[in-house]
>>> print(open('work22.cif').read())   # mmCIF, C-alpha atoms and all ligand atoms
data_upload
#
loop_
_atom_site.label_atom_id
_atom_site.label_comp_id
_atom_site.auth_asym_id
_atom_site.auth_seq_id
_atom_site.Cartn_x
_atom_site.Cartn_y
_atom_site.Cartn_z
CA MET G 1 18.56 -1.35 -10.27
CA ARG G 2 16.93 -2.26 -6.99
CA ILE G 3 13.34 -1.15 -6.78
CA GLY G 4 10.88 -1.28 -3.90
CA VAL G 5 7.29 -1.96 -4.94
CA MET G 6 4.43 -1.07 -2.64
CA GLY G 7 0.94 -2.03 -3.73
CA GLY G 8 -2.26 -0.95 -2.07
CA THR G 9 -5.65 0.56 -2.46
CA PHE G 10 -4.35 3.92 -1.17
CA ASP G 11 -7.85 5.17 -0.45
CA PRO G 12 -6.24 7.59 0.44
CA ILE G 13 -2.44 7.27 0.81
CA HIS G 14 -1.32 8.38 4.29
CA LEU G 15 1.84 8.97 6.30
CA GLY G 16 1.84 5.35 7.55
CA HIS G 17 2.43 4.12 3.99
CA LEU G 18 5.03 6.78 3.30
CA ARG G 19 6.99 6.25 6.52
CA ALA G 20 7.19 2.47 6.02
CA ALA G 21 8.39 3.02 2.44
CA GLU G 22 10.95 5.61 3.58
CA GLU G 23 12.47 3.31 6.20
CA ILE G 24 12.84 0.41 3.77
CA TYR G 25 14.15 2.68 1.01
CA LEU G 26 16.91 3.98 3.28
CA ALA G 27 17.84 0.75 5.08
CA PHE G 28 18.03 -1.31 1.89
CA GLY G 29 19.60 1.48 -0.15
CA LEU G 30 16.98 1.10 -2.87
CA ASP G 31 17.15 3.20 -6.02
CA ARG G 32 13.44 3.88 -6.10
CA ILE G 33 10.08 3.10 -4.54
CA VAL G 34 7.18 2.55 -6.91
CA PHE G 35 3.70 2.82 -5.43
CA VAL G 36 1.14 0.83 -7.36
CA PRO G 37 -2.50 1.75 -6.69
CA ALA G 38 -4.80 -1.19 -7.40
CA ALA G 39 -7.53 -0.28 -9.87
CA ARG G 40 -9.80 -3.16 -8.95
CA PRO G 41 -8.49 -4.80 -5.78
CA PRO G 42 -9.56 -8.46 -5.58
CA HIS G 43 -10.39 -8.27 -1.86
CA LYS G 44 -12.35 -5.01 -1.68
CA ASP G 45 -15.81 -4.02 -2.81
CA THR G 46 -14.93 -1.46 -5.49
CA GLY G 47 -18.30 0.25 -5.10
CA ASP G 48 -17.02 1.74 -1.83
CA VAL G 49 -13.60 2.70 -3.09
CA ALA G 50 -12.74 6.12 -4.58
CA ALA G 51 -12.18 6.13 -8.35
CA PRO G 52 -8.76 4.76 -9.37
CA ILE G 53 -7.75 8.06 -10.95
CA HIS G 54 -8.36 9.90 -7.65
CA ARG G 55 -6.27 7.38 -5.72
CA TYR G 56 -3.54 7.58 -8.35
CA GLU G 57 -3.53 11.40 -8.24
CA MET G 58 -3.29 11.38 -4.46
CA VAL G 59 -0.24 9.06 -4.51
CA SER G 60 1.28 11.32 -7.13
CA LEU G 61 0.68 14.40 -4.97
CA ALA G 62 1.98 12.61 -1.85
CA THR G 63 5.31 11.88 -3.57
CA VAL G 64 5.71 15.14 -5.48
CA PHE G 65 8.65 16.35 -3.32
CA THR G 66 10.37 12.94 -3.10
CA PRO G 67 12.28 12.26 -6.34
CA ASP G 68 12.87 8.54 -5.70
CA PHE G 69 9.23 7.86 -4.81
CA THR G 70 7.06 7.36 -7.86
CA VAL G 71 3.63 6.07 -8.76
CA SER G 72 2.84 3.57 -11.50
CA PRO G 73 -0.42 3.51 -13.47
CA ILE G 74 0.27 -0.11 -14.42
CA GLU G 75 -2.81 -1.56 -12.70
CA LEU G 76 -5.03 1.31 -13.85
CA ASN G 77 -4.21 0.55 -17.47
CA ARG G 78 -4.78 -3.18 -17.18
CA PRO G 79 -8.35 -4.40 -17.54
CA GLY G 80 -9.85 -6.82 -15.00
CA THR G 81 -8.93 -7.53 -11.39
CA SER G 82 -5.57 -6.22 -10.22
CA TYR G 83 -3.31 -9.11 -9.27
CA SER G 84 0.11 -8.31 -7.82
CA VAL G 85 1.84 -11.20 -9.56
CA ASP G 86 0.80 -9.83 -12.98
CA THR G 87 2.11 -6.41 -11.95
CA ILE G 88 5.45 -7.86 -10.85
CA ARG G 89 5.84 -9.70 -14.15
CA GLU G 90 5.04 -6.52 -16.06
CA LEU G 91 7.51 -4.47 -14.00
CA LEU G 92 10.25 -7.07 -14.63
CA ARG G 93 9.50 -6.89 -18.35
CA MET G 94 9.63 -3.09 -18.25
CA TYR G 95 12.80 -2.71 -16.17
CA GLY G 96 14.65 -5.77 -17.45
CA LYS G 97 15.57 -9.04 -15.79
CA GLU G 98 18.65 -7.59 -14.00
CA THR G 99 16.37 -5.40 -11.91
CA LEU G 100 15.76 -6.67 -8.39
CA LEU G 101 12.31 -6.07 -6.99
CA TYR G 102 11.60 -5.73 -3.27
CA PHE G 103 7.91 -6.22 -2.60
CA ILE G 104 7.00 -4.23 0.51
CA MET G 105 3.84 -5.05 2.41
CA GLY G 106 2.45 -4.49 5.88
CA VAL G 107 2.03 -7.46 8.18
CA ASP G 108 -1.78 -7.37 7.85
CA ALA G 109 -1.47 -7.74 4.08
CA PHE G 110 1.14 -10.48 4.38
CA LEU G 111 -1.14 -12.59 6.57
CA GLU G 112 -3.56 -12.71 3.63
CA LEU G 113 -0.90 -13.37 1.01
CA SER G 114 -1.41 -17.15 0.88
CA ALA G 115 -4.85 -16.52 -0.68
CA TRP G 116 -3.45 -14.27 -3.42
CA LYS G 117 -3.06 -15.41 -7.00
CA GLU G 118 0.23 -17.29 -7.42
CA ALA G 119 1.55 -16.25 -4.02
CA ARG G 120 4.46 -18.67 -4.24
CA GLU G 121 5.50 -17.14 -7.55
CA LEU G 122 5.39 -13.68 -6.01
CA LEU G 123 7.86 -14.89 -3.38
CA ARG G 124 10.09 -16.33 -6.08
CA LEU G 125 10.09 -13.23 -8.30
CA THR G 126 10.71 -10.66 -5.56
CA GLN G 127 12.26 -10.20 -2.16
CA VAL G 128 9.26 -9.86 0.10
CA ILE G 129 9.74 -7.40 2.95
CA VAL G 130 7.01 -7.38 5.58
CA THR G 131 6.84 -4.24 7.68
CA ALA G 132 5.36 -3.76 11.14
CA ARG G 133 1.97 -2.22 11.65
CA PRO G 134 0.39 -1.27 14.99
CA GLY G 135 -2.06 -3.95 16.09
CA TRP G 136 -0.16 -6.87 14.50
CA ARG G 137 2.75 -8.86 15.95
CA LEU G 138 5.52 -9.16 13.41
CA ASP G 139 7.47 -11.70 15.47
CA GLU G 140 4.43 -14.00 15.57
CA VAL G 141 3.89 -14.18 11.80
CA GLU G 142 5.51 -17.56 11.29
CA ARG G 143 3.61 -19.07 14.23
CA VAL G 144 0.16 -17.83 13.19
CA LEU G 145 0.35 -19.07 9.60
CA THR G 146 -1.43 -22.42 9.27
CA PRO G 147 0.35 -25.36 7.58
CA VAL G 148 -1.95 -24.88 4.58
CA GLN G 149 -0.97 -21.22 4.34
CA GLN G 150 2.73 -22.07 4.73
CA ALA G 151 2.39 -24.57 1.90
CA ALA G 152 0.62 -22.05 -0.34
CA LEU G 153 3.60 -19.75 0.17
CA GLY G 154 6.04 -22.54 -0.71
CA HIS G 155 7.27 -23.02 2.89
CA PRO G 156 9.33 -19.84 3.12
CA THR G 157 11.93 -19.17 5.78
CA PHE G 158 11.52 -16.08 7.93
CA LYS G 159 14.04 -13.63 9.25
CA TYR G 160 12.87 -11.19 11.89
CA LEU G 161 14.95 -8.06 12.38
CA ARG G 162 14.94 -4.45 13.41
CA ILE G 163 15.55 -1.83 10.76
CA SER G 164 18.95 -1.06 12.36
CA GLU G 165 19.92 -4.72 11.87
CA VAL G 166 19.60 -4.56 8.08
CA GLY G 167 23.28 -4.95 7.26
CA PRO G 168 25.19 -4.70 3.98
CA GLU G 169 24.63 -8.39 3.13
CA LEU G 170 20.88 -7.69 2.92
CA ALA G 171 21.14 -4.15 1.64
CA GLN G 172 23.59 -4.95 -1.14
CA GLY G 173 23.21 -8.66 -1.77
CA ALA G 174 20.73 -10.25 -4.13
CA PRO G 175 17.36 -11.43 -2.78
CA VAL G 176 17.35 -14.91 -1.31
CA PRO G 177 14.60 -17.04 -2.87
CA GLY G 178 12.01 -18.22 -0.36
CA LEU G 179 13.18 -15.85 2.36
CA VAL G 180 10.67 -13.46 3.91
CA LEU G 181 12.12 -10.53 5.81
CA LEU G 182 10.07 -9.29 8.76
CA VAL G 183 11.31 -5.80 9.48
CA GLU G 184 10.43 -3.67 12.48
CA VAL G 185 10.07 -0.08 11.29
CA VAL G 186 8.69 3.02 12.95
CA SER G 187 5.06 2.22 12.27
CA LEU G 188 2.37 4.83 12.55
CA ASP G 189 -1.07 3.93 13.78
CA ILE G 190 -2.89 5.34 10.76
CA SER G 191 -5.28 3.64 8.36
CA SER G 192 -7.09 4.86 5.27
CA ARG G 193 -10.33 3.68 6.80
CA GLU G 194 -9.79 5.99 9.79
CA ILE G 195 -9.05 8.92 7.46
CA ARG G 196 -12.21 8.33 5.42
CA GLN G 197 -14.14 8.25 8.68
CA LEU G 198 -12.60 11.52 9.92
CA VAL G 199 -13.42 13.27 6.65
CA GLU G 200 -16.96 11.98 6.73
CA GLU G 201 -17.35 13.40 10.22
CA GLY G 202 -15.88 16.73 9.07
CA ARG G 203 -12.84 16.37 11.33
CA SER G 204 -9.20 17.24 10.70
CA VAL G 205 -6.83 14.86 8.90
CA ARG G 206 -3.86 17.20 9.17
CA PHE G 207 -0.56 15.40 9.97
CA LEU G 208 -2.12 12.07 8.99
CA VAL G 209 -1.90 12.64 5.24
CA PRO G 210 0.40 15.01 3.29
CA ASP G 211 -1.09 18.50 2.94
CA THR G 212 -1.24 18.04 -0.83
CA VAL G 213 -3.47 14.99 -0.34
CA ALA G 214 -5.70 16.80 2.16
CA ALA G 215 -6.14 19.63 -0.35
CA TYR G 216 -6.98 17.18 -3.15
CA MET G 217 -9.57 15.38 -1.03
CA GLN G 218 -11.23 18.66 -0.18
CA LYS G 219 -11.17 19.99 -3.74
CA ASN G 220 -12.76 16.81 -5.06
CA ARG G 221 -15.03 16.32 -2.05
CA LEU G 222 -13.78 12.81 -1.50
CA TYR G 223 -15.15 10.81 1.44
CA GLN G 224 -17.49 13.59 2.51
CA LYS G 225 -20.87 12.65 3.86
CA ARG G 226 -23.50 12.38 1.18
CA PRO G 227 -25.87 15.33 1.51
CA THR G 228 -29.27 14.40 2.82
CA ARG G 229 -32.51 15.94 1.60
CA PRO G 230 -33.77 18.63 3.94
CA ARG G 231 -37.30 18.21 5.21
CA GLY G 232 -39.90 20.52 3.71
CA GLY G 233 -39.50 22.79 0.68
CA GLY G 234 -36.68 24.98 -0.53
CA ARG G 235 -33.64 24.00 -2.53
CA LYS G 236 -32.45 20.49 -2.23
CA GLU G 237 -29.22 20.04 -0.33
CA GLU G 238 -27.76 18.33 -3.41
CA ASP G 239 -28.26 21.54 -5.39
CA LEU G 240 -26.37 23.54 -2.78
CA HIS G 241 -23.43 21.20 -3.17
CA ARG G 242 -23.28 21.54 -6.95
CA GLY G 243 -20.39 23.72 -8.14
P1 LIG L 301 -7.78 0.49 4.61
O1 LIG L 301 -8.01 0.99 5.99
O2 LIG L 301 -8.70 1.06 3.58
O3 LIG L 301 -7.61 -1.01 4.49
P2 LIG L 301 -4.91 0.82 4.75
O4 LIG L 301 -4.50 1.95 5.63
O5 LIG L 301 -4.82 -0.56 5.32
O6 LIG L 301 -6.33 1.11 4.16
P3 LIG L 301 -4.02 -0.15 2.22
O7 LIG L 301 -4.05 0.62 0.96
O8 LIG L 301 -5.01 -1.21 2.47
O9 LIG L 301 -4.04 0.91 3.43
O10 LIG L 301 -2.56 -0.76 2.44
C1 LIG L 301 -1.55 -0.83 1.47
C2 LIG L 301 -0.28 -1.41 2.09
O11 LIG L 301 0.24 -0.53 3.06
C3 LIG L 301 -0.52 -2.74 2.81
O12 LIG L 301 0.61 -3.58 2.59
C4 LIG L 301 -0.61 -2.33 4.26
O13 LIG L 301 -0.22 -3.37 5.13
C5 LIG L 301 0.37 -1.17 4.32
N1 LIG L 301 0.03 -0.19 5.37
C6 LIG L 301 -1.14 0.44 5.50
N2 LIG L 301 -1.13 1.28 6.56
C7 LIG L 301 0.10 1.16 7.12
C8 LIG L 301 0.72 1.77 8.27
N3 LIG L 301 0.08 2.63 9.04
N4 LIG L 301 1.99 1.42 8.54
C9 LIG L 301 2.63 0.52 7.77
N5 LIG L 301 2.10 -0.09 6.68
C10 LIG L 301 0.85 0.23 6.35
MG MG L 302 -5.76 -2.22 4.38
#
>>> encode(input="work22.cif", output="structure tokens")
Amino acid sequence: MRIGVMGGTFDPIHLGHLRAAEEIYLAFGLDRIVFVPAARPPHKDTGDVAAPIHRYEMVSLATVFTPDFTVSPIELNRPGTSYSVDTIRELLRMYGKETLLYFIMGVDAFLELSAWKEARELLRLTQVIVTARPGWRLDEVERVLTPVQQAALGHPTFKYLRISEVGPELAQGAPVPGLVLLVEVVSLDISSREIRQLVEEGRSVRFLVPDTVAAYMQKNRLYQKRPTRPRGGGRKEEDLHRG
């Protein structure tokens, strides 16, 4: 089996994540995409992040009509900080050594990869596919990495290509160790941060997230502005917001 793995905070999942996954799934002829929400991301202040179970539920709802897109609770069930390399090892144990894993990440995430736990090992255990994201130059990735970062990644080689250039040798062949694929996909200028901001301001997020996710956010009042106490007497605003 050939499985695409996409990790992230998914706070919340949006159409940018889903479109990138869809393009890679189709071009590489993968059997499945597994989204892995990080329970305790090493690089984010978890105090500001929605509860893991909410983020997991939203990924589940976002993929409900897409049979080959699934969500894994693997990082939710593991205590401590969520490190991708541990997740990859666990997935290989679960699926068996014959399974090929394609680790999909946006270019912004890849530029931080050298600081991740056992980054070199991650590149050895999976085929890393870096996808375009508005605001970042995919064709400049190799040039902007410092020698120290290149070394931390084990001096990988890079191949830059458009999604239409992913031929059978890449789509059917085994991953090449130490090769990083930089793939131009249709990338949508959407971020979770922008969605949280829109919700907080009471503005529409339609067509940025799946409708199921929008409904879930509303039902659970995620990202909404904290009610402030009204001046003077009367009921507190907090009371009005209680169900
Ligand atoms: P935040 O704004 O909170 O950082 P985000 O939109 O960047 O959220 P993450 O959960 O941080 O989403 O990202 C998970 C993965 O998805 C990363 O590899 C990231 O590069 C990728 N990604 C995020 N948004 C997009 C997008 N619009 N297009 C392509 N890839 C994306
Ligand atoms: Mg991000």
>>> atom_distance(input="work22.cif", atom1="CA of Glu201 in chain G", atom2="atom O2 of ligand LIG 301 (chain L)")
16.5 Å
>>> closest_atom_pairs(input="work22.cif", of="chain G", to="ligand MG 302 (chain L)", cutoff="9 Å", atoms="only C-alpha atoms and all ligand atoms", output="CSV")
residue,atom,partner,partner_atom,distance
G:Gly8,CA,L:MG302,MG,7.4
G:Thr9,CA,L:MG302,MG,7.4
G:Phe10,CA,L:MG302,MG,8.4
G:Gly106,CA,L:MG302,MG,8.6
G:Asp108,CA,L:MG302,MG,7.4
G:Ala109,CA,L:MG302,MG,7.0
G:Ser191,CA,L:MG302,MG,7.1
G:Ser192,CA,L:MG302,MG,7.3
G:Arg193,CA,L:MG302,MG,7.8
>>> write_last_selection(input="work22.cif", atoms="C-alpha atoms", output="short mmCIF file (atom, residue, chain, number, x, y, z; two decimals), in the coordinates of the input")
data_model
loop_
_atom_site.label_atom_id
_atom_site.label_comp_id
_atom_site.auth_asym_id
_atom_site.auth_seq_id
_atom_site.Cartn_x
_atom_site.Cartn_y
_atom_site.Cartn_z
CA GLY G 8 -2.26 -0.95 -2.07
CA THR G 9 -5.65 0.56 -2.46
CA PHE G 10 -4.35 3.92 -1.17
CA GLY G 106 2.45 -4.49 5.88
CA ASP G 108 -1.78 -7.37 7.85
CA ALA G 109 -1.47 -7.74 4.08
CA SER G 191 -5.28 3.64 8.36
CA SER G 192 -7.09 4.86 5.27
CA ARG G 193 -10.33 3.68 6.80
#
>>> closest_residue(input="work22.cif", among="G:Pro79, G:Gly173, G:Gly178, G:Gly96", to="Phe158 in chain G", atoms="all atoms listed in the file")
G:Gly178
>>> closest_atom_pairs(input="work22.cif", of="chain G", to="ligand LIG 301 (chain L)", cutoff="8 Å", atoms="all atoms listed in the file", output="tab-separated table")
residue	atom	partner	partner_atom	distance
G:Met6	CA	L:LIG301	C2	6.7
G:Gly7	CA	L:LIG301	C1	5.9
G:Gly8	CA	L:LIG301	C1	3.6
G:Thr9	CA	L:LIG301	O7	3.8
G:Phe10	CA	L:LIG301	O7	3.9
G:Asp11	CA	L:LIG301	O2	5.8
G:Pro12	CA	L:LIG301	O7	7.3
G:Ile13	CA	L:LIG301	O7	6.8
G:His14	CA	L:LIG301	O4	7.3
G:Leu15	CA	L:LIG301	N3	7.1
G:Gly16	CA	L:LIG301	N3	3.6
G:His17	CA	L:LIG301	C10	4.8
G:Arg19	CA	L:LIG301	N4	7.2
G:Ala20	CA	L:LIG301	C9	5.3
G:Pro37	CA	L:LIG301	O7	7.9
G:Ile104	CA	L:LIG301	O12	6.8
G:Met105	CA	L:LIG301	O12	3.6
G:Gly106	CA	L:LIG301	O13	3.0
G:Val107	CA	L:LIG301	O13	5.6
G:Asp108	CA	L:LIG301	O13	5.1
G:Ala109	CA	L:LIG301	O13	4.7
G:Phe110	CA	L:LIG301	O12	7.1
G:Thr131	CA	L:LIG301	C9	6.4
G:Ala132	CA	L:LIG301	C9	6.1
G:Arg133	CA	L:LIG301	N4	4.8
G:Pro134	CA	L:LIG301	N3	7.1
G:Ser187	CA	L:LIG301	N4	4.9
G:Leu188	CA	L:LIG301	N3	4.7
G:Asp189	CA	L:LIG301	N3	5.0
G:Ile190	CA	L:LIG301	N3	4.4
G:Ser191	CA	L:LIG301	O4	3.3
G:Ser192	CA	L:LIG301	O4	3.9
G:Arg193	CA	L:LIG301	O1	3.6
G:Glu194	CA	L:LIG301	O1	6.5
>>> closest_atom_pairs(input="work22.cif", of="range 9-126 of chain G", to="range 212-227 of chain G", cutoff="12 Å", atoms="only C-alpha atoms", output="tab-separated table")
residue	atom	partner	partner_atom	distance
G:Phe10	CA	G:Val213	CA	11.1
G:Asp11	CA	G:Tyr223	CA	9.4
G:Pro12	CA	G:Val213	CA	7.9
G:Ile13	CA	G:Val213	CA	7.9
G:His14	CA	G:Val213	CA	8.4
G:Leu15	CA	G:Val213	CA	10.4
G:Asp48	CA	G:Tyr223	CA	9.8
G:Val49	CA	G:Tyr223	CA	9.4
G:Ala50	CA	G:Leu222	CA	7.4
G:Ala51	CA	G:Leu222	CA	9.7
G:Ile53	CA	G:Asn220	CA	11.7
G:His54	CA	G:Asn220	CA	8.6
G:Arg55	CA	G:Val213	CA	9.7
G:Tyr56	CA	G:Val213	CA	10.9
G:Glu57	CA	G:Tyr216	CA	8.4
G:Met58	CA	G:Val213	CA	5.5
G:Val59	CA	G:Val213	CA	7.9
G:Ser60	CA	G:Val213	CA	9.1
G:Leu61	CA	G:Thr212	CA	5.8
G:Ala62	CA	G:Val213	CA	6.1
G:Thr63	CA	G:Thr212	CA	9.4
G:Val64	CA	G:Thr212	CA	8.9
G:Phe65	CA	G:Thr212	CA	10.3
>>> atom_distance(input="work22.cif", atom1="CA of Val130 in chain G", atom2="CA of His155 in chain G")
15.9 Å
>>> atom_distance(input="work22.cif", atom1="CA of Glu184 in chain G", atom2="CA of Ile163 in chain G")
5.7 Å
>>> closest_residue(input="work22.cif", among="G:Gly154, G:Arg203, G:Tyr160, G:Arg124", to="Glu140 in chain G", atoms="all atoms listed in the file")
G:Tyr160
>>> closest_residue(input="work22.cif", among="G:Val176, G:Val141, G:Leu111, G:Val166", to="Leu125 in chain G", atoms="all atoms listed in the file")
G:Val176
>>> closest_residue(input="work22.cif", among="G:Phe28, G:Phe69, G:Tyr95, G:Phe103", to="Ala119 in chain G", atoms="only C-alpha atoms")
G:Phe103
>>> build_atoms(input="work22.cif", residues="range 94-117 of chain G", atoms="N, CA, C and O atoms", output="mmCIF file, in the coordinates of the input")
data_model
loop_
_atom_site.group_PDB
_atom_site.id
_atom_site.type_symbol
_atom_site.label_atom_id
_atom_site.label_comp_id
_atom_site.auth_asym_id
_atom_site.auth_seq_id
_atom_site.Cartn_x
_atom_site.Cartn_y
_atom_site.Cartn_z
ATOM 1 N N MET G 94 9.336 -4.499 -17.973
ATOM 2 C CA MET G 94 9.630 -3.090 -18.250
ATOM 3 C C MET G 94 11.071 -2.719 -17.883
ATOM 4 O O MET G 94 11.766 -2.047 -18.623
ATOM 5 N N TYR G 95 11.489 -3.140 -16.680
ATOM 6 C CA TYR G 95 12.800 -2.710 -16.170
ATOM 7 C C TYR G 95 13.929 -3.624 -16.603
ATOM 8 O O TYR G 95 15.094 -3.271 -16.467
ATOM 9 N N GLY G 96 13.608 -4.817 -17.058
ATOM 10 C CA GLY G 96 14.650 -5.770 -17.450
ATOM 11 C C GLY G 96 14.934 -6.755 -16.334
ATOM 12 O O GLY G 96 14.748 -6.451 -15.162
ATOM 13 N N LYS G 97 15.404 -7.931 -16.731
ATOM 14 C CA LYS G 97 15.570 -9.040 -15.790
ATOM 15 C C LYS G 97 16.646 -8.778 -14.725
ATOM 16 O O LYS G 97 16.650 -9.389 -13.663
ATOM 17 N N GLU G 98 17.588 -7.862 -14.987
ATOM 18 C CA GLU G 98 18.650 -7.590 -14.000
ATOM 19 C C GLU G 98 18.108 -6.802 -12.807
ATOM 20 O O GLU G 98 18.756 -6.712 -11.776
ATOM 21 N N THR G 99 16.945 -6.202 -12.989
ATOM 22 C CA THR G 99 16.370 -5.400 -11.910
ATOM 23 C C THR G 99 15.901 -6.311 -10.774
ATOM 24 O O THR G 99 15.289 -7.347 -11.010
ATOM 25 N N LEU G 100 16.216 -5.916 -9.557
ATOM 26 C CA LEU G 100 15.760 -6.670 -8.390
ATOM 27 C C LEU G 100 14.571 -5.945 -7.776
ATOM 28 O O LEU G 100 14.634 -4.739 -7.541
ATOM 29 N N LEU G 101 13.505 -6.687 -7.561
ATOM 30 C CA LEU G 101 12.310 -6.070 -6.990
ATOM 31 C C LEU G 101 12.142 -6.484 -5.535
ATOM 32 O O LEU G 101 12.267 -7.666 -5.191
ATOM 33 N N TYR G 102 11.864 -5.517 -4.692
ATOM 34 C CA TYR G 102 11.600 -5.730 -3.270
ATOM 35 C C TYR G 102 10.127 -5.408 -3.048
ATOM 36 O O TYR G 102 9.720 -4.258 -3.221
ATOM 37 N N PHE G 103 9.360 -6.412 -2.744
ATOM 38 C CA PHE G 103 7.910 -6.220 -2.600
ATOM 39 C C PHE G 103 7.608 -5.924 -1.136
ATOM 40 O O PHE G 103 7.766 -6.781 -0.265
ATOM 41 N N ILE G 104 7.187 -4.693 -0.878
ATOM 42 C CA ILE G 104 7.000 -4.230 0.510
ATOM 43 C C ILE G 104 5.519 -4.314 0.880
ATOM 44 O O ILE G 104 4.666 -3.791 0.154
ATOM 45 N N MET G 105 5.233 -4.971 1.965
ATOM 46 C CA MET G 105 3.840 -5.050 2.410
ATOM 47 C C MET G 105 3.760 -5.026 3.923
ATOM 48 O O MET G 105 4.666 -5.480 4.626
ATOM 49 N N GLY G 106 2.670 -4.494 4.442
ATOM 50 C CA GLY G 106 2.450 -4.490 5.880
ATOM 51 C C GLY G 106 2.090 -5.893 6.351
ATOM 52 O O GLY G 106 1.653 -6.738 5.564
ATOM 53 N N VAL G 107 2.251 -6.125 7.644
ATOM 54 C CA VAL G 107 2.030 -7.460 8.180
ATOM 55 C C VAL G 107 0.578 -7.913 7.994
ATOM 56 O O VAL G 107 0.313 -9.095 7.718
ATOM 57 N N ASP G 108 -0.372 -6.998 8.061
ATOM 58 C CA ASP G 108 -1.780 -7.370 7.850
ATOM 59 C C ASP G 108 -1.997 -7.912 6.438
ATOM 60 O O ASP G 108 -2.703 -8.904 6.237
ATOM 61 N N ALA G 109 -1.342 -7.280 5.470
ATOM 62 C CA ALA G 109 -1.470 -7.740 4.080
ATOM 63 C C ALA G 109 -0.764 -9.081 3.904
ATOM 64 O O ALA G 109 -1.277 -9.981 3.235
ATOM 65 N N PHE G 110 0.397 -9.228 4.543
ATOM 66 C CA PHE G 110 1.140 -10.480 4.380
ATOM 67 C C PHE G 110 0.357 -11.687 4.906
ATOM 68 O O PHE G 110 0.413 -12.776 4.333
ATOM 69 N N LEU G 111 -0.382 -11.470 5.990
ATOM 70 C CA LEU G 111 -1.140 -12.590 6.570
ATOM 71 C C LEU G 111 -2.247 -13.088 5.636
ATOM 72 O O LEU G 111 -2.781 -14.171 5.816
ATOM 73 N N GLU G 112 -2.558 -12.306 4.627
ATOM 74 C CA GLU G 112 -3.560 -12.710 3.630
ATOM 75 C C GLU G 112 -2.907 -13.252 2.358
ATOM 76 O O GLU G 112 -3.606 -13.750 1.469
ATOM 77 N N LEU G 113 -1.605 -13.103 2.275
ATOM 78 C CA LEU G 113 -0.900 -13.370 1.010
ATOM 79 C C LEU G 113 -1.138 -14.780 0.466
ATOM 80 O O LEU G 113 -1.211 -14.975 -0.751
ATOM 81 N N SER G 114 -1.277 -15.765 1.350
ATOM 82 C CA SER G 114 -1.410 -17.150 0.880
ATOM 83 C C SER G 114 -2.647 -17.336 0.000
ATOM 84 O O SER G 114 -2.718 -18.271 -0.787
ATOM 85 N N ALA G 115 -3.626 -16.419 0.134
ATOM 86 C CA ALA G 115 -4.850 -16.520 -0.680
ATOM 87 C C ALA G 115 -4.709 -15.774 -2.009
ATOM 88 O O ALA G 115 -5.597 -15.828 -2.849
ATOM 89 N N TRP G 116 -3.625 -15.057 -2.193
ATOM 90 C CA TRP G 116 -3.450 -14.270 -3.420
ATOM 91 C C TRP G 116 -3.119 -15.186 -4.595
ATOM 92 O O TRP G 116 -2.583 -16.277 -4.415
ATOM 93 N N LYS G 117 -3.394 -14.666 -5.783
ATOM 94 C CA LYS G 117 -3.060 -15.410 -7.000
ATOM 95 C C LYS G 117 -1.544 -15.653 -7.078
ATOM 96 O O LYS G 117 -0.762 -14.703 -6.971
#
